[in-house]
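Next comes run.tsv, a file with TSV, C-alpha atoms.
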```
chain	number	residue	atom	x	y	z
A	1	MET	CA	4.02	18.67	-8.81
A	2	ILE	CA	2.51	21.54	-6.77
A	3	THR	CA	2.45	25.05	-8.18
A	4	VAL	CA	0.93	28.45	-7.33
A	5	SER	CA	-1.10	30.58	-9.75
A	6	THR	CA	-2.93	33.88	-9.47
A	7	ILE	CA	-6.63	33.80	-10.14
A	8	THR	CA	-7.85	34.69	-13.63
A	9	ILE	CA	-11.20	34.78	-15.38
A	10	PRO	CA	-10.66	31.30	-16.95
A	11	THR	CA	-9.74	29.75	-13.56
A	12	LEU	CA	-12.43	31.58	-11.58
A	13	PRO	CA	-15.19	28.92	-11.94
A	14	SER	CA	-12.87	26.16	-10.71
A	15	VAL	CA	-11.83	28.22	-7.70
A	16	VAL	CA	-15.41	29.07	-6.74
A	17	ALA	CA	-16.41	25.39	-7.07
A	18	PHE	CA	-13.49	24.44	-4.80
A	19	LEU	CA	-14.46	27.00	-2.16
A	20	GLU	CA	-18.10	25.89	-2.22
A	21	LYS	CA	-17.14	22.53	-0.67
A	22	ASN	CA	-16.94	23.93	2.86
A	23	GLU	CA	-17.92	27.51	2.28
A	24	GLN	CA	-19.27	28.00	5.80
A	25	SER	CA	-15.71	27.98	7.19
A	26	HIS	CA	-14.41	30.66	4.80
A	27	VAL	CA	-17.31	32.88	3.79
A	28	ALA	CA	-15.10	36.00	3.76
A	29	LEU	CA	-12.71	34.32	1.32
A	30	MET	CA	-15.59	33.43	-0.99
A	31	SER	CA	-17.29	36.81	-0.63
A	32	ASN	CA	-14.57	38.58	-2.63
A	33	LEU	CA	-15.11	36.23	-5.58
A	34	VAL	CA	-18.87	36.59	-6.00
A	35	ARG	CA	-21.22	39.49	-6.59
A	36	ASN	CA	-24.92	38.79	-6.20
A	37	GLY	CA	-24.05	35.10	-6.41
A	38	THR	CA	-22.15	35.45	-9.70
A	39	PRO	CA	-18.39	34.71	-9.81
A	40	CYS	CA	-16.15	37.76	-10.27
A	41	LEU	CA	-12.49	38.65	-9.87
A	42	PRO	CA	-11.44	39.96	-6.44
A	43	PRO	CA	-11.13	43.71	-5.74
A	44	GLN	CA	-7.83	45.41	-6.45
A	45	ASN	CA	-6.81	45.49	-2.78
A	46	MET	CA	-6.92	41.67	-2.59
A	47	LYS	CA	-4.47	39.21	-4.14
A	48	TYR	CA	-5.74	35.64	-4.54
A	49	TYR	CA	-3.46	32.64	-5.06
A	50	ILE	CA	-4.40	29.10	-6.08
A	51	VAL	CA	-2.27	26.18	-4.89
A	52	HIS	CA	-2.81	23.25	-7.21
A	53	GLU	CA	-1.31	20.31	-8.99
A	54	GLU	CA	0.54	21.49	-12.06
A	55	ASN	CA	-2.37	20.60	-14.34
A	56	GLY	CA	-4.93	21.04	-11.57
A	57	LEU	CA	-7.07	23.77	-13.05
A	58	PHE	CA	-7.84	22.32	-16.45
A	59	GLY	CA	-6.14	18.94	-16.75
A	60	GLY	CA	-8.07	16.84	-14.27
A	61	GLY	CA	-5.85	17.49	-11.24
A	62	THR	CA	-6.99	19.15	-8.05
A	63	ILE	CA	-6.88	22.51	-6.33
A	64	ARG	CA	-5.42	22.03	-2.87
A	65	ALA	CA	-5.70	25.49	-1.31
A	66	VAL	CA	-6.72	29.09	-1.93
A	67	ILE	CA	-5.09	31.92	0.00
A	68	SER	CA	-5.54	35.68	-0.18
A	69	LEU	CA	-3.62	38.72	1.06
A	70	SER	CA	-5.09	42.20	1.38
A	71	THR	CA	-3.13	45.44	1.23
A	72	ALA	CA	-3.77	45.77	4.99
A	73	GLY	CA	-1.97	42.46	5.60
A	74	ASN	CA	-5.05	40.32	6.29
A	75	VAL	CA	-4.69	36.69	5.20
A	76	LEU	CA	-7.70	34.49	4.43
A	77	HIS	CA	-7.41	30.86	3.39
A	78	TYR	CA	-8.95	27.52	2.71
A	79	VAL	CA	-6.58	24.56	2.83
A	80	GLU	CA	-8.29	21.29	2.06
A	81	LYS	CA	-7.14	18.63	4.54
A	82	PRO	CA	-4.37	20.69	6.22
A	83	GLU	CA	-3.28	17.59	8.12
A	84	ASP	CA	-2.19	16.10	4.78
A	85	ALA	CA	-0.76	19.27	3.25
A	86	ASP	CA	2.96	18.93	3.97
A	87	ASP	CA	3.66	18.81	0.24
A	88	LEU	CA	2.33	22.39	0.00
A	89	ARG	CA	4.83	23.84	2.45
A	90	GLY	CA	7.59	24.57	-0.02
A	91	CYS	CA	5.59	26.61	-2.52
A	92	LEU	CA	3.53	28.39	0.15
A	93	SER	CA	6.59	29.30	2.21
A	94	GLU	CA	8.18	30.79	-0.90
A	95	LEU	CA	4.98	32.66	-1.78
A	96	MET	CA	4.57	34.15	1.72
A	97	ALA	CA	8.24	34.91	2.36
A	98	GLY	CA	7.91	38.64	1.65
A	99	TRP	CA	4.44	39.17	3.01
A	100	LYS	CA	3.78	41.75	5.72
A	101	VAL	CA	1.06	39.98	7.68
A	102	PHE	CA	-1.21	41.69	10.18
A	103	CYS	CA	-3.58	38.78	10.83
A	104	ILE	CA	-4.46	35.29	9.63
A	105	MET	CA	-8.10	34.27	9.89
A	106	GLY	CA	-9.80	30.96	9.23
A	107	ASP	CA	-10.68	27.51	10.50
A	108	LYS	CA	-8.33	26.52	13.31
A	109	ALA	CA	-6.63	23.61	11.56
A	110	GLY	CA	-5.97	25.66	8.44
A	111	ASN	CA	-4.82	28.64	10.49
A	112	ARG	CA	-2.27	26.53	12.36
A	113	PHE	CA	-0.93	25.23	9.06
A	114	ILE	CA	-0.62	28.71	7.51
A	115	ARG	CA	1.05	30.30	10.52
A	116	SER	CA	3.51	27.40	10.72
A	117	LEU	CA	4.90	28.72	7.43
A	118	ILE	CA	5.78	32.10	8.94
A	119	LYS	CA	9.02	32.46	10.90
A	120	THR	CA	7.61	35.18	13.16
A	121	LYS	CA	5.37	34.00	15.98
A	122	PRO	CA	1.98	35.71	16.35
A	123	SER	CA	1.69	38.32	19.08
A	124	HIS	CA	-1.88	37.29	19.89
A	125	ILE	CA	-4.07	34.29	19.08
A	126	ARG	CA	-7.83	34.36	19.64
A	127	ASP	CA	-9.93	31.23	19.62
A	128	TYR	CA	-13.48	31.23	18.32
A	129	GLN	CA	-16.28	28.77	17.62
A	130	LEU	CA	-18.14	28.80	14.33
A	131	MET	CA	-21.89	28.41	14.80
A	132	GLU	CA	-24.35	27.60	12.01
A	133	TYR	CA	-28.02	28.49	11.93
A	134	HIS	CA	-30.24	25.40	11.75
A	135	ASP	CA	-33.67	26.91	12.33
A	136	SER	CA	-35.57	27.28	15.57
A	137	ARG	CA	-38.83	28.64	16.86
A	138	GLN	CA	-39.12	32.22	15.70
A	139	LEU	CA	-38.34	34.80	18.37
A	140	TYR	CA	-40.54	37.81	18.96
A	141	LEU	CA	-39.54	41.45	19.06
A	142	PRO	CA	-38.33	42.22	22.60
A	143	ALA	CA	-40.73	44.36	24.59
A	144	GLY	CA	-40.11	48.09	24.55
A	145	THR	CA	-38.02	48.06	21.36
A	146	GLU	CA	-38.44	48.65	17.65
A	147	LEU	CA	-36.53	46.95	14.85
A	148	VAL	CA	-34.78	49.44	12.59
A	149	THR	CA	-32.76	49.07	9.40
A	150	PRO	CA	-30.41	52.02	9.82
A	151	THR	CA	-29.24	54.31	7.03
A	152	LEU	CA	-26.15	56.48	6.57
A	153	GLN	CA	-27.97	59.23	8.42
A	154	ASP	CA	-27.90	57.03	11.54
A	155	ALA	CA	-24.14	56.51	11.51
A	156	SER	CA	-23.32	59.11	14.17
A	157	ALA	CA	-26.04	57.76	16.47
A	158	LEU	CA	-24.58	54.26	16.15
A	159	MET	CA	-21.04	55.26	17.09
A	160	LEU	CA	-21.46	54.36	20.78
A	161	ILE	CA	-22.31	50.80	19.73
A	162	LYS	CA	-19.42	50.77	17.26
A	163	LYS	CA	-17.01	51.94	19.97
A	164	GLY	CA	-18.26	49.41	22.50
A	165	TYR	CA	-17.97	46.57	20.02
A	166	TYR	CA	-14.42	47.54	19.05
A	167	LEU	CA	-13.16	47.91	22.62
A	168	GLU	CA	-14.80	44.73	23.93
A	169	GLU	CA	-14.60	42.40	20.93
A	170	GLN	CA	-11.93	43.55	18.48
A	171	SER	CA	-9.26	45.65	20.13
A	172	LEU	CA	-5.93	44.11	20.99
A	173	PRO	CA	-4.25	45.10	24.29
A	174	GLY	CA	-3.32	48.77	24.12
A	175	GLY	CA	-5.58	49.37	21.12
A	176	THR	CA	-7.02	52.83	20.49
A	177	PHE	CA	-10.44	53.75	19.15
A	178	TYR	CA	-10.11	56.30	16.34
A	179	PRO	CA	-13.55	57.88	15.79
A	180	ALA	CA	-12.95	59.15	12.25
A	181	ALA	CA	-11.61	55.81	11.00
A	182	HIS	CA	-14.37	53.81	12.65
A	183	LEU	CA	-17.06	56.18	11.39
A	184	LYS	CA	-15.78	55.56	7.86
A	185	MET	CA	-15.90	51.79	8.44
A	186	LEU	CA	-19.41	52.06	9.86
A	187	GLN	CA	-20.56	54.08	6.85
A	188	GLU	CA	-19.17	51.43	4.51
A	189	GLU	CA	-20.92	48.75	6.56
A	190	LEU	CA	-24.23	50.60	6.27
A	191	THR	CA	-23.74	50.88	2.53
A	192	THR	CA	-22.56	47.37	1.65
A	193	GLN	CA	-23.98	45.04	4.32
A	194	GLN	CA	-27.35	44.23	5.84
A	195	VAL	CA	-27.49	45.95	9.23
A	196	LEU	CA	-30.27	45.56	11.80
A	197	THR	CA	-30.63	47.47	15.05
A	198	LEU	CA	-32.93	47.72	18.01
A	199	ARG	CA	-33.79	51.01	19.62
A	200	THR	CA	-35.68	51.47	22.84
A	201	ILE	CA	-39.02	53.25	22.58
A	202	ARG	CA	-39.25	53.88	26.32
A	203	GLU	CA	-36.54	56.53	26.54
A	204	GLU	CA	-36.26	60.03	25.19
A	205	GLY	CA	-34.65	60.11	21.78
A	206	LYS	CA	-35.17	56.37	21.23
A	207	PRO	CA	-31.44	55.52	21.43
A	208	PHE	CA	-29.99	52.56	19.56
A	209	VAL	CA	-29.22	49.81	22.07
A	210	ALA	CA	-28.23	46.75	19.97
A	211	LYS	CA	-26.87	45.99	16.52
A	212	ALA	CA	-25.94	43.05	14.27
A	213	ASN	CA	-25.00	42.80	10.62
A	214	THR	CA	-23.67	40.64	7.85
A	215	ASN	CA	-19.96	41.09	7.27
A	216	ALA	CA	-19.48	38.71	4.34
A	217	VAL	CA	-21.92	37.38	1.75
A	218	GLY	CA	-20.74	34.33	-0.17
A	219	ARG	CA	-22.47	32.16	-2.72
A	220	GLN	CA	-24.41	29.83	-0.45
A	221	TRP	CA	-23.57	31.28	2.97
A	222	VAL	CA	-23.77	34.57	4.85
A	223	GLN	CA	-21.48	35.41	7.77
A	224	LEU	CA	-22.66	37.62	10.62
A	225	GLY	CA	-20.63	39.97	12.77
A	226	GLY	CA	-20.73	43.22	14.70
A	227	VAL	CA	-23.17	41.75	17.23
A	228	TYR	CA	-23.29	44.06	20.23
A	229	THR	CA	-25.73	45.15	22.93
A	230	MET	CA	-25.06	48.17	25.12
A	231	PRO	CA	-24.20	46.95	28.66
A	232	ALA	CA	-27.27	48.41	30.37
A	233	TYR	CA	-29.59	46.47	28.04
A	234	ARG	CA	-28.07	43.00	28.15
A	235	GLY	CA	-29.91	39.88	29.23
A	236	LYS	CA	-33.10	40.88	27.40
A	237	GLY	CA	-32.69	38.74	24.27
A	238	TYR	CA	-31.75	41.60	21.94
A	239	ALA	CA	-28.73	39.92	20.33
A	240	ARG	CA	-30.41	36.58	19.74
A	241	PHE	CA	-33.41	38.32	18.16
A	242	LEU	CA	-31.22	40.32	15.76
A	243	VAL	CA	-29.06	37.39	14.61
A	244	GLN	CA	-32.15	35.27	14.02
A	245	GLN	CA	-33.72	38.04	11.95
A	246	LEU	CA	-30.59	38.19	9.79
A	247	ALA	CA	-30.55	34.39	9.45
A	248	LEU	CA	-34.20	34.36	8.38
A	249	SER	CA	-33.48	37.08	5.84
A	250	ALA	CA	-30.60	35.03	4.43
A	251	ALA	CA	-32.81	31.94	4.27
A	252	ALA	CA	-35.35	33.91	2.24
A	253	ALA	CA	-32.54	34.50	-0.27
A	254	ASN	CA	-31.65	30.75	-0.24
A	255	ARG	CA	-28.49	31.26	1.80
A	256	LYS	CA	-27.42	29.66	5.07
A	257	THR	CA	-25.95	31.62	7.98
A	258	VAL	CA	-22.82	31.27	10.09
A	259	LEU	CA	-21.15	33.40	12.76
A	260	PHE	CA	-18.16	33.01	15.03
A	261	VAL	CA	-17.98	33.71	18.75
A	262	LYS	CA	-15.12	33.70	21.26
A	263	THR	CA	-14.80	30.31	22.92
A	264	GLN	CA	-14.80	31.88	26.39
A	265	ASN	CA	-17.95	33.93	25.75
A	266	ILE	CA	-20.43	31.39	27.08
A	267	SER	CA	-23.28	33.88	27.46
A	268	ALA	CA	-23.08	34.81	23.76
A	269	GLN	CA	-22.93	31.13	22.77
A	270	ASN	CA	-26.04	30.47	24.85
A	271	ALA	CA	-27.82	33.41	23.18
A	272	TYR	CA	-26.97	32.15	19.71
A	273	THR	CA	-28.04	28.62	20.63
A	274	ALA	CA	-31.40	30.02	21.75
A	275	ALA	CA	-31.66	31.74	18.35
A	276	GLY	CA	-31.20	28.44	16.49
A	277	PHE	CA	-27.42	28.25	15.99
A	278	THR	CA	-25.32	25.16	16.72
A	279	ALA	CA	-21.54	24.84	17.15
A	280	SER	CA	-19.57	23.53	14.18
A	281	THR	CA	-15.89	24.24	13.41
A	282	PRO	CA	-13.21	25.75	15.67
A	283	PHE	CA	-12.04	29.10	14.27
A	284	GLU	CA	-8.99	31.25	14.95
A	285	ILE	CA	-7.55	34.72	14.32
A	286	SER	CA	-3.78	35.14	14.73
A	287	TYR	CA	-2.34	38.66	14.96
A	288	TYR	CA	1.17	39.87	14.12
A	289	THR	CA	1.63	43.31	15.67
A	290	GLU	CA	5.18	43.20	17.04
```
For the structure just supplied, provide its representation as structure tokens.
Amino acid sequence: MITVSTITIPTLPSVVAFLEKNEQSHVALMSNLVRNGTPCLPPQNMKYYIVHEENGLFGGGTIRAVISLSTAGNVLHYVEKPEDADDLRGCLSELMAGWKVFCIMGDKAGNRFIRSLIKTKPSHIRDYQLMEYHDSRQLYLPAGTELVTPTLQDASALMLIKKGYYLEEQSLPGGTFYPAAHLKMLQEELTTQQVLTLRTIREEGKPFVAKANTNAVGRQWVQLGGVYTMPAYRGKGYARFLVQQLALSAAAANRKTVLFVKTQNISAQNAYTAAGFTASTPFEISYYTE
């Protein structure tokens, strides 16, 4: 029999062990359950649910899926073998019946399974490709730039990059950039994640021209995001240098690195390939805004 439980301290080790199986496809889901590599309960704004056989946590059965919902309506998941998960539909449909979902994010097969449980159709679906770092020849600092680890004092100077990234990579049709809200998000990013930037040394004021950062740190894997180069500086290898630097930093901490890129963004895929990344799992984000 399949049942759903909330995560507790006694069940935490079993859940983390389950998520470690294919952690690279759900680093964000894992990241809320570990702190400095040590298992911990999720933050208060996240609810985690375990789908398992009735005795699956302690009696020798198996965990079949883990799904989380944030107060903002973001759903993360890992469904093991979604193609064979029809027996999970009943309990998951009941669990999610009252949820107000903004987006569902995860590996494509799992995403399709989760959104099939929701009566409302998504307003937008974006397809991505997960890419994993598998080492490559080390890239050199692009000419005319300096590598900078920015601080909170640099937040205002980075807002042009933040705005460009949001409008080109994140915004849905008709989306609006709210400076105050995005400044707050950027400040949190600078405080909680590893952020690397390039600034040009050939122009007055040495403006920031490219940025990349981690956006989730799991137990064995790190996920990158926020990769953006200002339009006038593209084609110079800035993005591939930054993501490789972050991957090398993760490797020094005994973690592997993954990122996801839009399937139609061939130039970005080529840049990441040149940095040592290879394509792995199809990824998807489904939005519910109507």
### Task
Choose the residue, out of A:Thr273, A:Ile67, A:Arg126, A:Thr8, that has the smallest atom-to-atom separation from Tyr288 (chain A); count only C-alpha atoms.
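Of A:Thr273, A:Ile67, A:Arg126, A:Thr8, the one nearest Tyr288 (chain A), counting only C-alpha atoms, is A:Arg126.
Between CA of Thr263 (chain A) and CA of Val27 (chain A) the interatomic distance comes to 19.5 Å.
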#### Entry: Polymer residues at most 9 Å from Thr38 (chain A), only C-alpha atoms, same-chain spacing of 4 or more positions, as a PyMOL selection string
chain A and resi 33-34+219
### Which of A:Lys262, A:Lys47, A:Lys21, A:Arg202 sits closest to Arg64 (chain A) [using all atoms listed in the file]
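For Arg64 (chain A), the nearest of the candidates is A:Lys21.
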#### Entry: A:Asp87, A:Met105, A:Glu54, A:Ala250 ranked by distance to Val75 (chain A), top pick (using only C-alpha atoms)
A:Met105
### Query
When you draw a straight line from CA of His52 (chain A) to CA of Leu19 (chain A), how long is it in Å?
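Atom-to-atom, CA of His52 (chain A) to CA of Leu19 (chain A), that is 13.2 Å.
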### Task
Considering all atoms listed in the file, return as a list in words whatever protein or nucleic-acid residues lie within 12 Å of Asn270 (chain A), sequence-local ones (same chain, fewer than 4 positions apart) excluded.
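These residues fall inside the cut-off: Met131, Gly235, Gly237, Ala239, Arg240, Val261, Lys262, Thr263, Gln264, Asn265, Ile266, Ala274, Ala275, Gly276, Phe277, Thr278 and Ala279 of chain A.
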### Task
For CA of Trp221 (chain A) and CA of Tyr272 (chain A), determine how far apart the two atoms are, in Å to one decimal place.
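Separating CA of Trp221 (chain A) from CA of Tyr272 (chain A) is a distance of 17.1 Å.
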### Test item: residues at most 12 Å from Glu169 (chain A), all atoms listed in the file, excluding those fewer than 5 positions along its chain, as a ChimeraX atom specification
/A:126,128,161-164,175,225-229,260-262,264-265,268
### Task
Could you please give me, as a ChimeraX atom specification, the residues of protein, DNA or RNA lying at most 10 Å from (1.2, 44.5, -0.4) in the coordinate frame of the file, considering only C-alpha atoms?
/A:45-47,69-73,98-101
Once you've located region 91-132 of chain A in the structure I gave, write it as a JSON list (two decimals), in the first residue's frame, keeping C-alpha atoms.
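Here's the written file result-v6.json:
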```
[["chain", "number", "residue", "atom", "x", "y", "z"],
["A", 91, "CYS", "CA", -2.30, 9.50, -3.07],
["A", 92, "LEU", "CA", -0.44, 12.26, -4.93],
["A", 93, "SER", "CA", -3.60, 13.61, -6.56],
["A", 94, "GLU", "CA", -5.23, 13.76, -3.13],
["A", 95, "LEU", "CA", -2.17, 15.45, -1.62],
["A", 96, "MET", "CA", -1.94, 18.10, -4.36],
["A", 97, "ALA", "CA", -5.68, 18.76, -4.72],
["A", 98, "GLY", "CA", -5.61, 22.00, -2.73],
["A", 99, "TRP", "CA", -2.22, 23.26, -3.79],
["A", 100, "LYS", "CA", -1.81, 26.67, -5.41],
["A", 101, "VAL", "CA", 0.98, 25.93, -7.84],
["A", 102, "PHE", "CA", 3.07, 28.58, -9.57],
["A", 103, "CYS", "CA", 5.64, 26.28, -11.18],
["A", 104, "ILE", "CA", 6.80, 22.67, -11.29],
["A", 105, "MET", "CA", 10.51, 22.10, -11.87],
["A", 106, "GLY", "CA", 12.47, 18.92, -12.41],
["A", 107, "ASP", "CA", 13.58, 16.22, -14.82],
["A", 108, "LYS", "CA", 11.25, 16.11, -17.82],
["A", 109, "ALA", "CA", 9.81, 12.63, -17.22],
["A", 110, "GLY", "CA", 9.06, 13.40, -13.58],
["A", 111, "ASN", "CA", 7.65, 16.81, -14.45],
["A", 112, "ARG", "CA", 5.23, 15.31, -16.96],
["A", 113, "PHE", "CA", 4.06, 12.82, -14.35],
["A", 114, "ILE", "CA", 3.52, 15.49, -11.67],
["A", 115, "ARG", "CA", 1.67, 17.91, -13.93],
["A", 116, "SER", "CA", -0.57, 15.08, -15.16],
["A", 117, "LEU", "CA", -1.98, 15.04, -11.63],
["A", 118, "ILE", "CA", -3.15, 18.66, -11.85],
["A", 119, "LYS", "CA", -6.44, 19.43, -13.58],
["A", 120, "THR", "CA", -5.29, 22.88, -14.71],
["A", 121, "LYS", "CA", -3.04, 22.95, -17.75],
["A", 122, "PRO", "CA", 0.21, 24.94, -17.48],
["A", 123, "SER", "CA", 0.24, 28.36, -19.10],
["A", 124, "HIS", "CA", 3.87, 27.96, -20.20],
["A", 125, "ILE", "CA", 6.29, 25.05, -20.49],
["A", 126, "ARG", "CA", 10.02, 25.62, -20.96],
["A", 127, "ASP", "CA", 12.35, 22.85, -22.03],
["A", 128, "TYR", "CA", 15.92, 22.67, -20.80],
["A", 129, "GLN", "CA", 18.92, 20.35, -20.99],
["A", 130, "LEU", "CA", 20.84, 19.36, -17.89],
["A", 131, "MET", "CA", 24.59, 19.45, -18.44],
["A", 132, "GLU", "CA", 27.16, 17.91, -16.10]]
```
